[in-house]
Amino acid sequence: AHLRNLPRLVYALAKSRALGRGATSSDEVVFAQTQMASLAPAALVRAIYARLQTFSSLNKMISPNNYLNRAVIHATATSARVYLIDAHTRAYVYYTKRGLADGLALPPPRHTAVADAVAKIKAARRPWSVDVYYLSDVLPHDRALFRHLLVEDADDAAPDD
């Protein structure tokens with residue numbers, strides 16, 4: 001049962017900064033490799049393969065753990081308003097067009113399920129610092145970054161607008 005996700009982990013590792021993919025400098029590669037070498041197994045899994053959580057509102061989580069691919073995004077498109085990607089030392093809170101049209105506050109106010117999830121991520125990573133990025137589907141750069149984080153999709157996949 002534990003080996004079920006091994007292909008996903010290997011594929012994500014191949015696309016990671018630790019192997020030079022997406023790194024902007026050799027220092028970034030060395031940092032990623034050093035950081036991964038010092039992690040406990042559970043934290044290493046999270047550093048290699050981020051966790052995707054979906055929310056229908058700022059206070060209601062739909063799913064705590066999804067695979068990082070566009071099929072999940074399409075399957076939850078009608079109900080999800082916010083996606084949270086936990087990538088170990090980075091967290092991405094992605095607001096969909098529908099979520100923004102519904103008037104969801106960006107960034108999320110304190111004591112909402114999304115803000116609490118981000119706080120739990122930060123608390124669980126101590127002593128590492130977690131950078132939190134708030135992304136919006138209406139901004140092309142943010143949309144491209146979010147799609148880049150969906151590691152299971154091919155880099156040359158056609159846009160699905």
# chains A, B, ... in the order shown; residues from 1 in each chain; ligands from 1
call {"tool": "residues_around", "arguments": {"residues": "A:His88", "least_positions_apart": "2", "cutoff": "9 Å", "atoms": "only C-alpha atoms", "output": "list in words"}}
result
Ala43, Leu44, Arg46, Ala47, Ile48, Tyr49, Ala50, Arg51, Asp86, Arg90, Ala91, Ile121, Lys122, Arg125, Trp128 and Val130 of chain A
call {"tool": "select_by_dssp", "arguments": {"residues": "chain A", "states": "strand (DSSP E or B)", "output": "VMD selection string"}}
result
chain A and resid 51 to 57 60 to 66 82 to 86 90 to 95 131 to 136
call {"tool": "atom_distance", "arguments": {"atom1": "atom CA of A:Arg143", "atom2": "atom CA of A:Tyr95"}}
result
9.6 Å
call {"tool": "closest_residue", "arguments": {"among": "A:Val45, A:Ile85, A:Val138, A:Ala144", "to": "A:Asn5", "atoms": "only C-alpha atoms"}}
result
A:Val45
